[in-house]
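> Please find coords00.csv (CSV, N, CA, C and O atoms) on the next line:
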```csv
chain,number,residue,atom,x,y,z
A,17,MET,N,3.3,-9.4,7.7
A,17,MET,CA,3.1,-8.4,8.8
A,17,MET,C,2.0,-9.1,9.7
A,17,MET,O,0.9,-9.3,9.3
A,18,GLU,N,2.4,-9.3,10.9
A,18,GLU,CA,1.5,-10.0,11.9
A,18,GLU,C,0.7,-9.1,12.8
A,18,GLU,O,-0.1,-9.6,13.6
A,19,ASN,N,1.0,-7.8,12.8
A,19,ASN,CA,0.3,-6.9,13.7
A,19,ASN,C,-1.2,-6.8,13.4
A,19,ASN,O,-1.6,-6.5,12.3
A,20,LYS,N,-2.0,-7.1,14.3
A,20,LYS,CA,-3.5,-7.1,14.1
A,20,LYS,C,-4.1,-5.8,14.1
A,20,LYS,O,-5.3,-5.6,13.8
A,21,ASP,N,-3.3,-4.7,14.4
A,21,ASP,CA,-3.8,-3.4,14.3
A,21,ASP,C,-3.7,-2.8,12.9
A,21,ASP,O,-4.2,-1.7,12.6
A,22,TYR,N,-3.1,-3.5,12.0
A,22,TYR,CA,-2.9,-3.0,10.6
A,22,TYR,C,-3.6,-4.0,9.6
A,22,TYR,O,-3.6,-5.2,9.8
A,23,ILE,N,-4.2,-3.4,8.6
A,23,ILE,CA,-4.9,-4.2,7.6
A,23,ILE,C,-4.3,-3.9,6.2
A,23,ILE,O,-4.1,-2.7,5.9
A,24,ARG,N,-4.1,-4.9,5.4
A,24,ARG,CA,-3.5,-4.7,4.1
A,24,ARG,C,-4.6,-4.2,3.2
A,24,ARG,O,-5.7,-4.8,3.1
A,25,ILE,N,-4.3,-3.1,2.5
A,25,ILE,CA,-5.3,-2.5,1.6
A,25,ILE,C,-4.9,-2.6,0.1
A,25,ILE,O,-5.7,-2.4,-0.8
A,26,PHE,N,-3.6,-2.9,-0.1
A,26,PHE,CA,-3.2,-2.9,-1.5
A,26,PHE,C,-2.0,-3.9,-1.7
A,26,PHE,O,-1.1,-3.9,-0.8
A,27,THR,N,-2.0,-4.6,-2.8
A,27,THR,CA,-0.8,-5.3,-3.3
A,27,THR,C,-0.7,-5.1,-4.7
A,27,THR,O,-1.7,-5.3,-5.5
A,28,GLY,N,0.5,-4.6,-5.2
A,28,GLY,CA,0.7,-4.3,-6.6
A,28,GLY,C,2.0,-3.8,-6.8
A,28,GLY,O,3.0,-3.9,-6.0
A,29,SER,N,2.2,-3.1,-7.9
A,29,SER,CA,3.5,-2.5,-8.4
A,29,SER,C,3.9,-1.4,-7.4
A,29,SER,O,3.1,-0.7,-6.8
A,30,SER,N,5.2,-1.2,-7.4
A,30,SER,CA,5.7,-0.1,-6.6
A,30,SER,C,5.3,1.3,-7.1
A,30,SER,O,5.1,2.2,-6.3
A,31,ILE,N,5.0,1.4,-8.3
A,31,ILE,CA,4.6,2.7,-8.9
A,31,ILE,C,3.2,3.0,-8.4
A,31,ILE,O,2.9,4.1,-7.9
A,32,GLN,N,2.3,2.0,-8.5
A,32,GLN,CA,0.9,2.2,-8.0
A,32,GLN,C,0.9,2.4,-6.5
A,32,GLN,O,0.2,3.3,-6.0
A,33,ALA,N,1.8,1.7,-5.8
A,33,ALA,CA,1.9,1.8,-4.3
A,33,ALA,C,2.3,3.2,-3.9
A,33,ALA,O,1.9,3.8,-3.0
A,34,GLY,N,3.3,3.8,-4.7
A,34,GLY,CA,3.8,5.1,-4.5
A,34,GLY,C,2.7,6.2,-4.6
A,34,GLY,O,2.6,7.1,-3.8
A,35,LEU,N,1.9,6.0,-5.6
A,35,LEU,CA,0.7,6.9,-5.8
A,35,LEU,C,-0.2,6.9,-4.7
A,35,LEU,O,-0.6,7.9,-4.1
A,36,LEU,N,-0.6,5.6,-4.3
A,36,LEU,CA,-1.5,5.5,-3.2
A,36,LEU,C,-0.9,6.0,-1.9
A,36,LEU,O,-1.6,6.7,-1.1
A,37,GLN,N,0.4,5.7,-1.7
A,37,GLN,CA,1.0,6.3,-0.5
A,37,GLN,C,1.0,7.8,-0.4
A,37,GLN,O,0.6,8.4,0.6
A,38,SER,N,1.2,8.4,-1.6
A,38,SER,CA,1.2,9.9,-1.6
A,38,SER,C,-0.2,10.4,-1.3
A,38,SER,O,-0.4,11.4,-0.5
A,39,ARG,N,-1.2,9.8,-1.9
A,39,ARG,CA,-2.6,10.3,-1.6
A,39,ARG,C,-3.0,10.1,-0.2
A,39,ARG,O,-3.7,10.9,0.4
A,40,LEU,N,-2.6,8.9,0.4
A,40,LEU,CA,-2.9,8.7,1.8
A,40,LEU,C,-2.2,9.7,2.7
A,40,LEU,O,-2.8,10.2,3.7
A,41,GLU,N,-1.0,10.0,2.4
A,41,GLU,CA,-0.2,11.0,3.2
A,41,GLU,C,-0.8,12.4,3.1
A,41,GLU,O,-0.7,13.2,4.1
A,42,GLU,N,-1.5,12.7,2.0
A,42,GLU,CA,-2.1,14.0,1.8
A,42,GLU,C,-3.3,14.2,2.9
A,42,GLU,O,-3.6,15.3,3.2
A,43,VAL,N,-3.9,13.1,3.3
A,43,VAL,CA,-4.9,13.2,4.3
A,43,VAL,C,-4.5,12.7,5.7
A,43,VAL,O,-5.3,12.2,6.5
A,44,ALA,N,-3.2,12.7,5.9
A,44,ALA,CA,-2.6,12.4,7.2
A,44,ALA,C,-2.7,10.9,7.6
A,44,ALA,O,-2.8,10.6,8.8
A,45,ILE,N,-2.7,10.0,6.6
A,45,ILE,CA,-2.7,8.6,6.8
A,45,ILE,C,-1.3,8.1,6.5
A,45,ILE,O,-0.8,8.3,5.3
A,46,SER,N,-0.6,7.5,7.4
A,46,SER,CA,0.8,7.0,7.1
A,46,SER,C,0.8,5.5,7.0
A,46,SER,O,0.7,4.8,7.9
A,47,PRO,N,0.8,5.0,5.7
A,47,PRO,CA,0.7,3.6,5.5
A,47,PRO,C,2.1,2.9,5.8
A,47,PRO,O,3.1,3.6,5.8
A,48,VAL,N,2.0,1.7,6.1
A,48,VAL,CA,3.2,0.9,6.3
A,48,VAL,C,3.4,0.1,5.0
A,48,VAL,O,2.5,-0.5,4.5
A,49,ILE,N,4.6,0.2,4.5
A,49,ILE,CA,4.9,-0.4,3.2
A,49,ILE,C,5.8,-1.6,3.4
A,49,ILE,O,6.8,-1.6,4.1
A,50,LYS,N,5.4,-2.7,2.8
A,50,LYS,CA,6.2,-3.9,2.8
A,50,LYS,C,6.6,-4.2,1.4
A,50,LYS,O,5.8,-4.5,0.5
A,51,ASN,N,7.9,-4.1,1.2
A,51,ASN,CA,8.5,-4.3,-0.1
A,51,ASN,C,9.5,-5.4,-0.1
A,51,ASN,O,10.7,-5.2,0.2
A,52,GLU,N,9.1,-6.7,-0.3
A,52,GLU,CA,10.0,-7.8,-0.2
A,52,GLU,C,11.1,-7.8,-1.2
A,52,GLU,O,12.2,-8.3,-1.0
A,53,THR,N,10.8,-7.2,-2.4
A,53,THR,CA,11.9,-7.1,-3.5
A,53,THR,C,13.0,-6.3,-3.0
A,53,THR,O,14.2,-6.7,-3.1
A,54,GLU,N,12.7,-5.1,-2.4
A,54,GLU,CA,13.8,-4.2,-1.9
A,54,GLU,C,14.5,-4.8,-0.7
A,54,GLU,O,15.7,-4.8,-0.6
A,55,SER,N,13.8,-5.5,0.2
A,55,SER,CA,14.4,-6.1,1.3
A,55,SER,C,15.3,-7.2,0.9
A,55,SER,O,16.4,-7.4,1.4
A,56,ALA,N,14.9,-8.0,-0.1
A,56,ALA,CA,15.7,-9.1,-0.6
A,56,ALA,C,17.0,-8.6,-1.2
A,56,ALA,O,18.1,-9.1,-1.1
A,57,ARG,N,16.8,-7.5,-2.0
A,57,ARG,CA,18.0,-6.9,-2.7
A,57,ARG,C,19.0,-6.4,-1.7
A,57,ARG,O,20.2,-6.6,-1.8
A,58,LEU,N,18.5,-5.7,-0.7
A,58,LEU,CA,19.4,-5.2,0.3
A,58,LEU,C,20.1,-6.3,1.1
A,58,LEU,O,21.3,-6.1,1.6
A,59,ALA,N,19.5,-7.4,1.3
A,59,ALA,CA,20.1,-8.5,2.0
A,59,ALA,C,21.0,-9.4,1.1
A,59,ALA,O,21.6,-10.3,1.6
A,60,GLY,N,21.0,-9.1,-0.2
A,60,GLY,CA,21.8,-9.9,-1.1
A,60,GLY,C,21.1,-11.1,-1.7
A,60,GLY,O,21.8,-12.0,-2.2
A,61,PHE,N,19.8,-11.2,-1.6
A,61,PHE,CA,19.1,-12.4,-2.1
A,61,PHE,C,18.2,-12.0,-3.3
A,61,PHE,O,18.0,-10.8,-3.5
A,62,GLY,N,17.8,-13.0,-4.0
A,62,GLY,CA,16.8,-12.7,-5.1
A,62,GLY,C,15.4,-12.6,-4.5
A,62,GLY,O,15.1,-13.3,-3.5
A,63,PRO,N,14.6,-11.7,-5.0
A,63,PRO,CA,13.2,-11.5,-4.5
A,63,PRO,C,12.3,-12.7,-4.8
A,63,PRO,O,12.5,-13.4,-5.9
A,64,SER,N,11.4,-13.0,-4.0
A,64,SER,CA,10.4,-14.1,-4.3
A,64,SER,C,9.4,-13.6,-5.3
A,64,SER,O,9.0,-14.4,-6.1
A,65,VAL,N,9.0,-12.4,-5.2
A,65,VAL,CA,8.0,-11.8,-6.2
A,65,VAL,C,8.6,-10.5,-6.6
A,65,VAL,O,8.9,-9.6,-5.8
A,66,ILE,N,8.8,-10.3,-7.9
A,66,ILE,CA,9.5,-9.1,-8.4
A,66,ILE,C,8.5,-7.9,-8.4
A,66,ILE,O,7.4,-8.0,-9.0
A,67,ASN,N,8.9,-6.8,-7.9
A,67,ASN,CA,8.2,-5.5,-7.9
A,67,ASN,C,6.8,-5.6,-7.3
A,67,ASN,O,5.8,-5.0,-7.8
A,68,GLN,N,6.6,-6.4,-6.2
A,68,GLN,CA,5.3,-6.5,-5.6
A,68,GLN,C,5.4,-5.8,-4.2
A,68,GLN,O,6.3,-6.2,-3.4
A,69,VAL,N,4.6,-4.8,-4.0
A,69,VAL,CA,4.6,-4.0,-2.8
A,69,VAL,C,3.2,-4.2,-2.1
A,69,VAL,O,2.2,-4.3,-2.8
A,70,GLN,N,3.2,-4.2,-0.8
A,70,GLN,CA,2.0,-4.2,0.0
A,70,GLN,C,1.9,-3.0,0.8
A,70,GLN,O,2.9,-2.6,1.4
A,71,LEU,N,0.7,-2.4,0.9
A,71,LEU,CA,0.5,-1.3,1.8
A,71,LEU,C,-0.5,-1.7,2.9
A,71,LEU,O,-1.6,-2.3,2.6
A,72,PHE,N,-0.2,-1.3,4.1
A,72,PHE,CA,-1.1,-1.6,5.3
A,72,PHE,C,-1.4,-0.2,5.9
A,72,PHE,O,-0.6,0.7,5.9
A,73,VAL,N,-2.6,-0.2,6.5
A,73,VAL,CA,-3.0,1.0,7.2
A,73,VAL,C,-3.6,0.6,8.6
A,73,VAL,O,-4.0,-0.6,8.7
A,74,HIS,N,-3.5,1.5,9.5
A,74,HIS,CA,-4.1,1.2,10.8
A,74,HIS,C,-5.6,0.9,10.7
A,74,HIS,O,-6.3,1.6,9.9
A,75,LYS,N,-6.1,0.0,11.5
A,75,LYS,CA,-7.5,-0.4,11.3
A,75,LYS,C,-8.4,0.8,11.5
A,75,LYS,O,-9.5,0.8,11.0
A,76,ASP,N,-8.0,1.8,12.3
A,76,ASP,CA,-8.9,3.0,12.6
A,76,ASP,C,-9.0,3.8,11.3
A,76,ASP,O,-9.9,4.6,11.2
A,77,GLU,N,-8.0,3.7,10.4
A,77,GLU,CA,-8.0,4.5,9.2
A,77,GLU,C,-8.4,3.7,7.9
A,77,GLU,O,-8.4,4.3,6.8
A,78,HIS,N,-8.8,2.5,8.1
A,78,HIS,CA,-9.1,1.6,7.0
A,78,HIS,C,-10.2,2.1,6.1
A,78,HIS,O,-10.0,2.1,4.9
A,79,ASP,N,-11.3,2.5,6.6
A,79,ASP,CA,-12.4,3.0,5.8
A,79,ASP,C,-12.0,4.2,4.9
A,79,ASP,O,-12.3,4.2,3.7
A,80,LYS,N,-11.4,5.2,5.5
A,80,LYS,CA,-10.9,6.3,4.8
A,80,LYS,C,-9.9,6.0,3.7
A,80,LYS,O,-10.0,6.5,2.6
A,81,ALA,N,-9.0,5.1,4.0
A,81,ALA,CA,-8.0,4.6,3.1
A,81,ALA,C,-8.6,3.9,1.9
A,81,ALA,O,-8.2,4.1,0.7
A,82,LEU,N,-9.7,3.1,2.1
A,82,LEU,CA,-10.3,2.4,1.0
A,82,LEU,C,-11.1,3.4,0.1
A,82,LEU,O,-11.1,3.1,-1.1
A,83,GLU,N,-11.6,4.5,0.7
A,83,GLU,CA,-12.2,5.5,-0.2
A,83,GLU,C,-11.2,6.1,-1.1
A,83,GLU,O,-11.5,6.3,-2.3
A,84,ILE,N,-10.0,6.3,-0.6
A,84,ILE,CA,-9.0,6.9,-1.5
A,84,ILE,C,-8.5,5.9,-2.5
A,84,ILE,O,-8.4,6.2,-3.7
A,85,LEU,N,-8.4,4.6,-2.2
A,85,LEU,CA,-8.0,3.6,-3.1
A,85,LEU,C,-9.1,3.5,-4.2
A,85,LEU,O,-8.8,3.4,-5.4
A,86,THR,N,-10.3,3.5,-3.8
A,86,THR,CA,-11.4,3.4,-4.8
A,86,THR,C,-11.4,4.6,-5.7
A,86,THR,O,-11.6,4.4,-6.9
A,87,GLY,N,-11.1,5.8,-5.2
A,87,GLY,CA,-11.0,7.0,-6.1
A,87,GLY,C,-9.9,6.8,-7.1
A,87,GLY,O,-10.1,7.2,-8.3
A,88,ILE,N,-8.8,6.3,-6.7
A,88,ILE,CA,-7.6,6.1,-7.6
A,88,ILE,C,-8.0,5.0,-8.7
A,88,ILE,O,-7.8,5.2,-9.9
A,89,GLU,N,-8.7,4.0,-8.3
A,89,GLU,CA,-9.1,2.9,-9.2
A,89,GLU,C,-10.1,3.5,-10.3
A,89,GLU,O,-10.0,3.2,-11.4
A,90,LYS,N,-11.0,4.4,-9.8
A,90,LYS,CA,-11.9,5.1,-10.8
A,90,LYS,C,-11.2,6.0,-11.7
A,90,LYS,O,-11.5,6.0,-12.9
A,91,GLU,N,-10.1,6.7,-11.3
A,91,GLU,CA,-9.3,7.5,-12.1
A,91,GLU,C,-8.7,6.7,-13.3
A,91,GLU,O,-8.7,7.1,-14.4
A,92,PHE,N,-8.2,5.6,-12.9
A,92,PHE,CA,-7.5,4.7,-13.9
A,92,PHE,C,-8.5,4.1,-14.9
A,92,PHE,O,-8.2,3.9,-16.0
A,93,SER,N,-9.7,3.8,-14.4
A,93,SER,CA,-10.7,3.1,-15.3
A,93,SER,C,-11.3,4.1,-16.3
A,93,SER,O,-11.8,3.7,-17.3
A,94,GLU,N,-11.2,5.4,-16.0
A,94,GLU,CA,-11.7,6.4,-16.8
A,94,GLU,C,-10.8,6.8,-18.0
A,94,GLU,O,-11.2,7.4,-19.0
A,95,GLU,N,-9.5,6.4,-17.8
A,95,GLU,CA,-8.5,6.7,-18.9
A,95,GLU,C,-8.6,5.8,-20.0
A,95,GLU,O,-9.1,4.8,-20.1
```
Translate this file's structure into structure tokens.


Amino acid sequence: MENKDYIRIFTGSSIQAGLLQSRLEEVAISPVIKNETESARLAGFGPSVINQVQLFVHKDEHDKALEILTGIEKEFSEE
């Protein structure tokens, strides 16, 4: 993703990305999701990295999105 208005905040599994996406949408942040595995599958090619998803947010929402990501990481570390 080459758009300078968006910043990558997460790279990981689609399950974790789904949780983060859900939490971001709860506070009116709409992340952009880059899923090369799904794109490759739809195009009929093999993926370069299996089950790797990237989430980007607008630079104006970056700080708030990182707070949410940090909260999710703390939840998982407590378990």

> Nearest to A:Glu77 among A:Val43, A:Ile49, A:Ser29, A:Leu36, with distances taken over only C-alpha atoms: which residue is it?

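Selected residue with least distance to A:Glu77: A:Val43.
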
> Record the distance separating atom CA of A:His74 and atom CA of A:Phe92, expressed in Å with one decimal.

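Atom-to-atom, atom CA of A:His74 to atom CA of A:Phe92, that is 25.2 Å.
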
> Go through A:Ile84, A:Glu89, A:Glu94, A:Lys50 and flag the residue nearest A:Phe26, using only N, CA, C and O atoms for the distances.

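So, comparing all the options, the nearest one is A:Lys50.
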
> Give me the residues within 7 Å of A:Ala81 as a list of chain:residue names, counting all atoms listed in the file and dropping any in the same chain fewer than 5 places off.

A:Leu40, A:Thr86, A:Gly87

> Between A:Gln70, A:Leu85, A:Lys90, A:Tyr22, which one has atoms that come closest to A:Arg39, using all atoms listed in the file?

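Selected residue with least distance to A:Arg39: A:Leu85.
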
> Between atom N of A:Ala33 and atom N of A:Phe72, what is the distance, to one decimal in Å?

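Those two atoms sit 10.5 Å apart.
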
> In Å, rounded to a single decimal, give me how far atom CA of A:Glu91 is from atom CA of A:Asp79.

18.7 Å

> A:Asn67, A:Lys75, A:Asn51, A:Ser38: which is nearest A:Ile23, counting all atoms listed in the file?

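Counting all atoms listed in the file, the residue closest to A:Ile23 is A:Lys75.
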
> Between A:Glu41, A:Gln32, A:Ile25, A:Glu52, which has the minimum distance to A:Leu82 (counting all atoms listed in the file)?

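Of A:Glu41, A:Gln32, A:Ile25, A:Glu52, the one nearest A:Leu82, counting all atoms listed in the file, is A:Ile25.
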
> Nearest to A:Ala44: which of A:Lys80, A:Ser93, A:Gln68, A:Lys20 is it, counting only C-alpha atoms?

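Closest to A:Ala44, using only C-alpha atoms: A:Lys80.
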